[in-house]
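Peer 1: Contents of upload.tsv (TSV, C-alpha atoms) are below:
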chain	number	residue	atom	x	y	z
Q	1	MET	CA	-65.48	28.75	-61.58
Q	2	LYS	CA	-63.41	29.88	-64.54
Q	3	ILE	CA	-62.87	33.63	-64.44
Q	4	THR	CA	-62.70	35.06	-67.96
Q	5	ASP	CA	-60.93	38.24	-69.08
Q	6	ALA	CA	-64.34	39.82	-69.66
Q	7	MET	CA	-65.34	39.07	-66.06
Q	8	ARG	CA	-62.10	40.58	-64.76
Q	9	LYS	CA	-62.59	43.70	-66.86
Q	10	GLU	CA	-66.16	44.17	-65.65
Q	11	VAL	CA	-65.35	43.99	-61.94
Q	12	LYS	CA	-62.17	46.04	-62.39
Q	13	GLY	CA	-64.40	48.91	-63.46
Q	14	GLN	CA	-66.20	48.48	-60.13
Q	15	GLY	CA	-62.99	48.70	-58.09
Q	16	PHE	CA	-62.07	45.00	-57.82
Q	17	LEU	CA	-58.54	44.37	-59.10
Q	18	SER	CA	-57.33	40.89	-59.95
Q	19	ASN	CA	-54.70	39.43	-57.62
Q	20	ASN	CA	-51.63	37.73	-59.06
Q	21	ASP	CA	-52.89	34.25	-58.18
Q	22	GLY	CA	-55.57	34.63	-60.84
Q	23	LYS	CA	-58.27	33.54	-58.40
Q	24	HIS	CA	-58.84	36.43	-56.01
Q	25	PHE	CA	-59.45	40.18	-56.15
Q	26	SER	CA	-58.61	43.28	-54.11
Q	27	CYS	CA	-61.51	45.59	-53.32
Q	28	ARG	CA	-60.54	49.26	-53.49
Q	29	VAL	CA	-62.63	51.18	-50.93
Q	30	ILE	CA	-63.08	54.89	-51.61
Q	31	THR	CA	-62.62	57.59	-48.98
Q	32	GLU	CA	-64.25	60.99	-49.54
Q	33	ASN	CA	-61.33	63.05	-48.33
Q	34	GLY	CA	-58.64	60.63	-47.25
Q	35	ALA	CA	-60.41	59.83	-43.98
Q	36	ILE	CA	-63.10	57.41	-42.83
Q	37	THR	CA	-65.07	57.07	-39.62
Q	38	ALA	CA	-64.37	54.49	-36.94
Q	39	GLU	CA	-67.61	52.71	-37.89
Q	40	GLN	CA	-66.55	52.55	-41.53
Q	41	LEU	CA	-63.17	51.17	-40.55
Q	42	ILE	CA	-64.90	48.41	-38.57
Q	43	ASN	CA	-67.01	47.65	-41.65
Q	44	VAL	CA	-63.89	47.25	-43.81
Q	45	ALA	CA	-62.26	45.06	-41.15
Q	46	GLU	CA	-65.34	42.81	-41.08
Q	47	ILE	CA	-65.15	42.37	-44.86
Q	48	ALA	CA	-61.44	41.56	-44.67
Q	49	LYS	CA	-62.14	38.84	-42.09
Q	50	LYS	CA	-65.26	37.42	-43.74
Q	51	TYR	CA	-64.49	37.64	-47.45
Q	52	GLY	CA	-60.82	38.60	-47.79
Q	53	SER	CA	-57.43	37.42	-46.61
Q	54	GLY	CA	-57.77	39.23	-43.30
Q	55	ASP	CA	-55.44	42.03	-44.37
Q	56	ILE	CA	-56.13	45.66	-45.33
Q	57	SER	CA	-53.64	47.79	-47.22
Q	58	LEU	CA	-53.46	51.54	-47.78
Q	59	THR	CA	-52.97	53.04	-51.23
Q	60	SER	CA	-51.05	56.14	-52.28
Q	61	ARG	CA	-54.39	57.85	-52.98
Q	62	LEU	CA	-55.62	57.29	-49.41
Q	63	THR	CA	-58.05	54.53	-50.31
Q	64	LEU	CA	-58.18	51.11	-48.66
Q	65	GLU	CA	-57.70	47.78	-50.39
Q	66	ILE	CA	-58.98	44.42	-49.18
Q	67	PRO	CA	-57.10	41.59	-50.94
Q	68	GLY	CA	-58.05	37.94	-51.23
Q	69	ILE	CA	-61.73	38.27	-52.18
Q	70	LYS	CA	-63.26	35.47	-54.26
Q	71	TYR	CA	-65.15	36.40	-57.41
Q	72	GLU	CA	-68.38	34.94	-56.02
Q	73	ASP	CA	-68.08	37.19	-52.93
Q	74	ILE	CA	-67.78	40.47	-54.84
Q	75	GLU	CA	-71.51	41.26	-54.65
Q	76	ASN	CA	-71.56	40.37	-50.93
Q	77	THR	CA	-68.64	42.73	-50.40
Q	78	LYS	CA	-70.40	45.59	-52.18
Q	79	GLU	CA	-73.55	45.07	-50.11
Q	80	HIS	CA	-71.55	45.02	-46.88
Q	81	LEU	CA	-69.86	48.30	-47.81
Q	82	LYS	CA	-73.25	49.96	-48.35
Q	83	LYS	CA	-74.14	49.47	-44.67
Q	84	ASP	CA	-71.83	52.36	-43.79
Q	85	ASN	CA	-72.14	54.40	-47.00
Q	86	LEU	CA	-68.94	53.03	-48.50
Q	87	VAL	CA	-68.34	52.15	-52.14
Q	88	SER	CA	-65.63	50.50	-54.20
Q	89	GLY	CA	-64.11	52.12	-57.28
Q	90	GLY	CA	-61.16	54.33	-58.14
Q	91	THR	CA	-60.11	52.72	-61.41
Q	92	GLY	CA	-60.33	53.59	-65.09
Q	93	SER	CA	-59.92	56.64	-67.32
Q	94	ARG	CA	-61.80	59.05	-65.09
Q	95	VAL	CA	-61.31	61.36	-62.14
Q	96	ARG	CA	-59.59	59.30	-59.45
Q	97	PRO	CA	-60.10	59.51	-55.66
Q	98	ILE	CA	-59.16	62.92	-54.26
Q	99	VAL	CA	-56.03	63.08	-52.08
Q	100	PRO	CA	-55.95	65.87	-49.46
Q	101	CYS	CA	-53.25	66.14	-46.82
Q	102	LYS	CA	-54.03	66.65	-43.13
Q	103	GLY	CA	-53.87	70.43	-43.44
Q	104	THR	CA	-57.25	70.77	-41.74
Q	105	VAL	CA	-55.66	69.80	-38.41
Q	106	CYS	CA	-51.93	70.27	-39.15
Q	107	THR	CA	-50.17	73.22	-37.51
Q	108	PHE	CA	-48.75	74.19	-40.91
Q	109	GLY	CA	-52.10	73.98	-42.70
Q	110	LEU	CA	-53.15	77.13	-44.57
Q	111	CYS	CA	-56.51	75.83	-45.79
Q	112	ASP	CA	-59.19	73.29	-44.90
Q	113	THR	CA	-57.77	70.53	-47.07
Q	114	GLN	CA	-60.22	67.84	-45.99
Q	115	GLY	CA	-63.18	70.17	-46.41
Q	116	ILE	CA	-61.95	71.05	-49.90
Q	117	GLY	CA	-61.35	67.35	-50.54
Q	118	THR	CA	-64.96	66.52	-49.68
Q	119	LYS	CA	-66.26	69.22	-52.03
Q	120	LEU	CA	-64.01	67.98	-54.83
Q	121	HIS	CA	-65.09	64.40	-54.21
Q	122	LYS	CA	-68.78	65.22	-54.50
Q	123	GLU	CA	-68.45	67.64	-57.41
Q	124	PHE	CA	-65.86	65.86	-59.54
Q	125	TYR	CA	-65.35	62.26	-58.38
Q	126	GLU	CA	-69.03	61.46	-57.93
Q	127	LYS	CA	-70.66	63.72	-60.55
Q	128	TRP	CA	-68.00	63.02	-63.18
Q	129	TYR	CA	-67.76	59.29	-62.47
Q	130	ASP	CA	-69.40	58.29	-65.75
Q	131	VAL	CA	-67.57	60.91	-67.83
Q	132	LYS	CA	-64.91	59.20	-69.93
Q	133	LEU	CA	-61.53	60.94	-70.14
Q	134	PRO	CA	-58.46	60.19	-72.27
Q	135	HIS	CA	-56.69	58.70	-69.25
Q	136	LYS	CA	-56.84	58.74	-65.45
Q	137	PHE	CA	-56.97	62.18	-63.82
Q	138	LYS	CA	-55.56	62.69	-60.32
Q	139	ILE	CA	-56.29	65.58	-57.97
Q	140	GLY	CA	-54.20	66.44	-54.90
Q	141	VAL	CA	-54.78	69.10	-52.22
Q	142	GLY	CA	-51.86	70.23	-50.07
Q	143	GLY	CA	-52.33	72.54	-47.13
Q	144	CYS	CA	-48.98	74.34	-47.40
Q	145	PRO	CA	-45.76	74.50	-49.45
Q	146	ASN	CA	-44.28	71.58	-47.47
Q	147	ASN	CA	-45.99	69.50	-50.18
Q	148	CYS	CA	-46.34	66.36	-48.08
Q	149	ILE	CA	-48.71	64.70	-50.58
Q	150	LYS	CA	-46.88	66.15	-53.60
Q	151	PRO	CA	-49.80	68.07	-55.17
Q	152	SER	CA	-47.64	69.23	-58.09
Q	153	LEU	CA	-47.25	65.60	-59.20
Q	154	ASN	CA	-51.01	65.30	-59.73
Q	155	ASP	CA	-52.85	66.17	-62.93
Q	156	PHE	CA	-54.46	68.99	-60.92
Q	157	GLY	CA	-52.61	70.08	-57.80
Q	158	VAL	CA	-53.70	72.62	-55.20
Q	159	ILE	CA	-51.39	74.09	-52.54
Q	160	GLY	CA	-52.44	76.39	-49.70
Q	161	GLN	CA	-50.73	79.80	-49.71
Q	162	PHE	CA	-50.31	82.69	-47.27
Q	163	VAL	CA	-48.78	85.60	-49.18
Q	164	PRO	CA	-46.99	88.03	-46.81
Q	165	GLU	CA	-47.77	91.73	-47.14
Q	166	PHE	CA	-44.74	93.88	-46.32
Q	167	ASP	CA	-45.10	97.44	-45.02
Q	168	GLU	CA	-41.69	99.01	-45.65
Q	169	ASP	CA	-42.57	102.09	-43.60
Q	170	MET	CA	-42.94	99.92	-40.49
Q	171	CYS	CA	-39.55	98.23	-40.96
Q	172	SER	CA	-36.87	99.43	-38.52
Q	173	GLY	CA	-34.02	97.61	-40.25
Q	174	CYS	CA	-33.18	95.49	-37.20
Q	175	LYS	CA	-29.83	93.73	-37.40
Q	176	LYS	CA	-31.55	90.64	-36.03
Q	177	CYS	CA	-34.60	90.44	-38.27
Q	178	ALA	CA	-37.10	87.92	-36.91
Q	179	PRO	CA	-38.94	87.35	-40.23
Q	180	ARG	CA	-35.60	86.81	-42.01
Q	181	ASP	CA	-34.48	84.32	-39.39
Q	182	THR	CA	-37.83	82.52	-39.63
Q	183	CYS	CA	-37.77	82.14	-43.42
Q	184	LYS	CA	-36.81	78.60	-44.45
Q	185	VAL	CA	-36.05	79.41	-48.10
Q	186	GLY	CA	-33.88	82.52	-47.73
Q	187	ALA	CA	-36.41	84.82	-49.35
Q	188	ILE	CA	-35.91	87.70	-46.88
Q	189	SER	CA	-32.72	89.76	-46.79
Q	190	MET	CA	-31.65	93.27	-45.76
Q	191	VAL	CA	-31.27	95.74	-48.65
Q	192	ASP	CA	-30.33	99.38	-47.98
Q	193	GLY	CA	-31.20	98.99	-44.32
Q	194	LYS	CA	-34.66	97.54	-44.92
Q	195	ALA	CA	-36.06	94.03	-45.13
Q	196	PHE	CA	-36.67	92.83	-48.67
Q	197	ILE	CA	-38.82	89.87	-49.75
Q	198	ASP	CA	-37.63	88.13	-52.92
Q	199	ARG	CA	-40.96	87.04	-54.38
Q	200	GLU	CA	-39.21	84.60	-56.73
Q	201	LYS	CA	-37.81	82.71	-53.74
Q	202	CYS	CA	-40.80	83.13	-51.42
Q	203	ASN	CA	-43.03	80.04	-51.39
Q	204	ASN	CA	-45.83	81.78	-49.47
Q	205	CYS	CA	-45.66	79.49	-46.45
Q	206	GLY	CA	-46.69	82.39	-44.20
Q	207	LEU	CA	-44.23	81.58	-41.41
Q	208	CYS	CA	-42.83	85.13	-41.43
Q	209	ILE	CA	-46.24	86.75	-40.91
Q	210	GLY	CA	-46.59	88.19	-37.42
Q	211	LYS	CA	-42.92	87.65	-36.55
Q	212	CYS	CA	-41.78	91.28	-36.98
Q	213	HIS	CA	-41.71	93.11	-33.63
Q	214	PHE	CA	-42.70	96.33	-35.43
Q	215	ASP	CA	-45.55	94.81	-37.49
Q	216	ALA	CA	-43.83	95.27	-40.86
Q	217	ILE	CA	-45.14	91.85	-41.95
Q	218	ASP	CA	-48.32	91.65	-39.93
Q	219	GLU	CA	-50.83	90.59	-42.57
Q	220	GLY	CA	-51.12	88.37	-45.60
Q	221	LYS	CA	-53.48	87.04	-48.22
Q	222	LYS	CA	-54.57	83.41	-48.11
Q	223	GLY	CA	-55.42	81.47	-51.24
Q	224	LEU	CA	-54.53	78.51	-53.43
Q	225	LYS	CA	-51.76	77.90	-55.93
Q	226	ILE	CA	-52.73	75.62	-58.82
Q	227	TYR	CA	-50.52	73.23	-60.77
Q	228	LEU	CA	-51.54	71.49	-63.99
Q	229	GLY	CA	-50.34	68.31	-65.64
Q	230	GLY	CA	-48.13	66.73	-63.00
Q	231	LYS	CA	-47.48	62.99	-63.03
Q	232	TRP	CA	-45.14	60.42	-61.53
Q	233	GLY	CA	-44.02	56.97	-62.56
Q	234	LYS	CA	-42.31	55.67	-65.68
Q	235	ALA	CA	-42.43	59.11	-67.29
Q	236	SER	CA	-42.56	61.86	-64.66
Q	237	ARG	CA	-43.51	65.48	-65.24
Q	238	PRO	CA	-43.71	68.25	-62.60
Q	239	GLY	CA	-46.94	70.21	-62.68
Q	240	THR	CA	-47.03	73.55	-64.46
Q	241	PRO	CA	-48.01	76.43	-62.11
Q	242	ILE	CA	-50.62	78.81	-63.47
Q	243	SER	CA	-50.63	82.51	-62.74
Q	244	GLY	CA	-52.15	83.95	-59.60
Q	245	ILE	CA	-53.32	82.93	-56.15
Q	246	HIS	CA	-56.91	81.75	-56.32
Q	247	SER	CA	-59.91	81.45	-54.02
Q	248	GLU	CA	-61.57	78.11	-53.40
Q	249	GLU	CA	-64.46	79.07	-55.68
Q	250	GLU	CA	-62.06	80.10	-58.45
Q	251	MET	CA	-60.15	76.83	-58.06
Q	252	MET	CA	-63.35	74.78	-58.46
Q	253	ASN	CA	-64.20	76.76	-61.59
Q	254	ILE	CA	-60.72	76.28	-63.05
Q	255	LEU	CA	-60.88	72.54	-62.37
Q	256	GLU	CA	-64.18	72.21	-64.22
Q	257	LYS	CA	-62.71	74.00	-67.23
Q	258	THR	CA	-59.57	71.89	-67.02
Q	259	LEU	CA	-61.56	68.65	-67.21
Q	260	LEU	CA	-63.67	69.91	-70.10
Q	261	ILE	CA	-60.55	70.94	-72.03
Q	262	TYR	CA	-58.88	67.59	-71.33
Q	263	ARG	CA	-61.92	65.64	-72.49
Q	264	GLU	CA	-62.29	67.77	-75.63
Q	265	GLN	CA	-58.66	68.23	-76.68
Q	266	GLY	CA	-56.84	65.25	-75.18
Q	267	LYS	CA	-56.04	62.23	-77.32
Q	268	THR	CA	-57.29	58.88	-76.07
Q	269	GLY	CA	-54.52	57.34	-73.96
Q	270	GLU	CA	-52.77	60.69	-73.45
Q	271	ARG	CA	-52.09	61.97	-69.93
Q	272	PHE	CA	-53.06	65.57	-69.23
Q	273	GLY	CA	-49.46	66.74	-68.82
Q	274	ASP	CA	-48.57	65.29	-72.21
Q	275	MET	CA	-51.51	67.15	-73.72
Q	276	ILE	CA	-50.23	70.40	-72.20
Q	277	ASP	CA	-46.79	69.81	-73.70
Q	278	ARG	CA	-48.41	69.15	-77.08
Q	279	ILE	CA	-50.71	72.20	-77.23
Q	280	GLY	CA	-48.52	74.57	-75.19
Q	281	VAL	CA	-48.45	75.94	-71.64
Q	282	GLU	CA	-49.61	79.43	-72.68
Q	283	ASN	CA	-52.50	77.90	-74.61
Q	284	ILE	CA	-53.76	75.88	-71.65
Q	285	GLU	CA	-53.41	78.81	-69.23
Q	286	VAL	CA	-55.43	81.11	-71.48
Q	287	GLN	CA	-58.14	78.47	-71.71
Q	288	VAL	CA	-58.41	77.59	-68.00
Q	289	LEU	CA	-58.39	81.25	-66.93
Q	290	GLY	CA	-60.95	82.19	-69.58
Q	291	ASN	CA	-64.54	81.01	-69.91
Q	292	GLU	CA	-64.88	80.09	-73.57
Q	293	VAL	CA	-64.85	76.33	-72.94
Q	294	LEU	CA	-67.87	76.63	-70.62
Q	295	GLU	CA	-69.94	77.69	-73.62
Q	296	ARG	CA	-69.27	74.22	-75.08
Q	297	LYS	CA	-69.84	72.32	-71.82
Q	298	GLU	CA	-72.93	70.33	-72.81
Q	299	GLU	CA	-71.51	69.57	-76.25
Q	300	ILE	CA	-68.26	68.30	-74.73
Q	301	LEU	CA	-69.98	66.15	-72.11
Q	302	GLU	CA	-72.40	64.61	-74.60
Q	303	ALA	CA	-69.76	63.84	-77.25
Q	304	GLN	CA	-68.88	60.18	-77.83
Q	305	LEU	CA	-65.21	60.45	-76.86
Q	306	HIS	CA	-62.66	58.08	-75.32
Q	307	THR	CA	-64.99	55.07	-75.24
Q	308	VAL	CA	-61.92	52.99	-74.38
Q	309	GLY	CA	-59.56	55.09	-72.24
Q	310	GLY	CA	-55.85	54.69	-71.72
Q	311	ALA	CA	-55.80	53.76	-68.01
Q	312	THR	CA	-54.77	50.18	-67.26
Q	313	CYS	CA	-55.22	50.28	-63.49
Do you think you could lay out the structure here as structure tokens?
Peer 2:
Amino acid sequence: MKITDAMRKEVKGQGFLSNNDGKHFSCRVITENGAITAEQLINVAEIAKKYGSGDISLTSRLTLEIPGIKYEDIENTKEHLKKDNLVSGGTGSRVRPIVPCKGTVCTFGLCDTQGIGTKLHKEFYEKWYDVKLPHKFKIGVGGCPNNCIKPSLNDFGVIGQFVPEFDEDMCSGCKKCAPRDTCKVGAISMVDGKAFIDREKCNNCGLCIGKCHFDAIDEGKKGLKIYLGGKWGKASRPGTPISGIHSEEEMMNILEKTLLIYREQGKTGERFGDMIDRIGVENIEVQVLGNEVLERKEEILEAQLHTVGGATC
């Protein structure tokens, strides 16, 4: 069978990427939150043995890829995936698979990253799957400032925060200050006989909370820090942090507005970070923290925009 460019393009949109031999394809299997069940893993292994090369690879976005699939076995592969509620996909100018770290079970985790990842998957990967964007849009959820999955290098990055609350009246000015010794970024020092937290240095990891023997830093506020417009690759750009520490509900609301703004104001082929640089950081922050764009939601979603997006993979 001769495989035409049109055939390759069609199946690429379904998550089957052409291999470099020109004859086979890799099936990209989507995970809801970076994890799959044992039964689903067996399903993928069966496909690899029956239709693929026998190998399974892991992608940077925590999906699985099965290489070596013949074009005529693509439909069989899709049907086999359905047995365990799996699908292929993850390509094109749309919201890409969500990448959460293991913060749900990690000792450093400050939020339920995999739970958040599942909500984001259902609300924005699944529901927005047919919404065309100027380019691909990546979302990363990190459980703490260790940034293991590099959330700030995603178009929309979320990082768990635990902001320490300091009660100066409870501070005894100990020469050996436990919170200061615990701090990994040197944000706590002694000033005029009292502990002082430099909020510019503090990354809100929360490690100092509960360490003071006199309860000067006994409580804190948990929330999420949001970064916009990060990207990596040939032209990298660190994400721009927006003001405030946000709740999960606020973060979901900000993400919806972010996607609407990107669809409406982004140029076809333009990454979100490049759009921010073009229209201005202050402009984008005002828009995502306000609600004006929501008034145009239906109009934006129904508009014939970006019919051919900029993503090539």
Peer 1: Taking into account only C-alpha atoms, which residue in the set Q:Lys50, Q:Lys23, Q:Arg263, Q:Lys78 is nearest to Q:Asp5?
Peer 2: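 Of Q:Lys50, Q:Lys23, Q:Arg263, Q:Lys78, the one nearest Q:Asp5, counting only C-alpha atoms, is Q:Lys23.
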Peer 1: At a cut-off of 12 Å, using all atoms listed in the file, what residues contact Q:His135? Leave out same-chain residues fewer than 2 positions from it and give the result as a PyMOL selection string.
Peer 2: chain Q and resi 91-96+131-133+137-138+155+231+259+262-263+266-275+305-313
Peer 1: For stretch 57-67 of chain Q, work out the shell of residues within 6 Å, counting only C-alpha atoms and skipping chain neighbours fewer than 5 positions away, then give it as a PyMOL selection string.
Peer 2: chain Q and resi 25-31+34+48+52+99
Peer 1: Fewer than 2 positions away in the same chain doesn't count, so skip those; otherwise give me all residues within 6 Å of Q:Thr182, counting only C-alpha atoms, as a list of chain:residue names.
Peer 2: Q:Pro179, Q:Arg180, Q:Cys208
Peer 1: Could you check how far atom CA of Q:Glu10 sits from atom CA of Q:Asp73, in Å to one decimal?
Peer 2: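 Distance between the two atoms: 14.6 Å.
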Peer 1: Which one of Q:Met7, Q:Ile149, Q:Ile217, Q:Ile98 sits closest to Q:Tyr125 if you count only C-alpha atoms?
Peer 2: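 Counting only C-alpha atoms, the residue closest to Q:Tyr125 is Q:Ile98.
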Peer 1: Quick one: residues within 12 Å of Q:Lys297, only C-alpha atoms counted, chain neighbours fewer than 5 positions away excluded, as number ranges by chain?
Peer 2: Q: 256-264, 291-292, 302-303
Peer 1: For Q:Glu200, list every protein, DNA or RNA residue within 12 Å, evaluated using only C-alpha atoms, and leave out those in the same chain fewer than 2 positions away; present the list as a PyMOL selection string.
Peer 2: chain Q and resi 185-188+196-198+202-204
Peer 1: Pull C-alpha atoms from the residues just selected and write them as a PDB file, in the frame of the given file.
Peer 2:
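part35.pdb written:
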ATOM      1  CA  VAL Q 185     -36.050  79.410 -48.100  1.00  0.00           C
ATOM      2  CA  GLY Q 186     -33.880  82.520 -47.730  1.00  0.00           C
ATOM      3  CA  ALA Q 187     -36.410  84.820 -49.350  1.00  0.00           C
ATOM      4  CA  ILE Q 188     -35.910  87.700 -46.880  1.00  0.00           C
ATOM      5  CA  PHE Q 196     -36.670  92.830 -48.670  1.00  0.00           C
ATOM      6  CA  ILE Q 197     -38.820  89.870 -49.750  1.00  0.00           C
ATOM      7  CA  ASP Q 198     -37.630  88.130 -52.920  1.00  0.00           C
ATOM      8  CA  CYS Q 202     -40.800  83.130 -51.420  1.00  0.00           C
ATOM      9  CA  ASN Q 203     -43.030  80.040 -51.390  1.00  0.00           C
ATOM     10  CA  ASN Q 204     -45.830  81.780 -49.470  1.00  0.00           C
TER      11      ASN Q 204
END
Peer 1: Give me, please, the distance in Å between atom CA of Q:Phe162 and atom CA of Q:Phe214, quoted to one decimal.
Peer 2: 19.6 Å
Peer 1: Measuring atom to atom with only C-alpha atoms, identify which of Q:Gly90, Q:Gly68, Q:Pro238, Q:Gly160 is nearest to Q:Ile56.
Peer 2: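 Residue with the minimum atom-to-atom distance to Q:Ile56: Q:Gly68.
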Peer 1: Just checking: using only C-alpha atoms, which residue out of Q:Glu126, Q:Gly220, Q:Gly143, Q:Val281 ends up closest to Q:Val105?
Peer 2: Q:Gly143
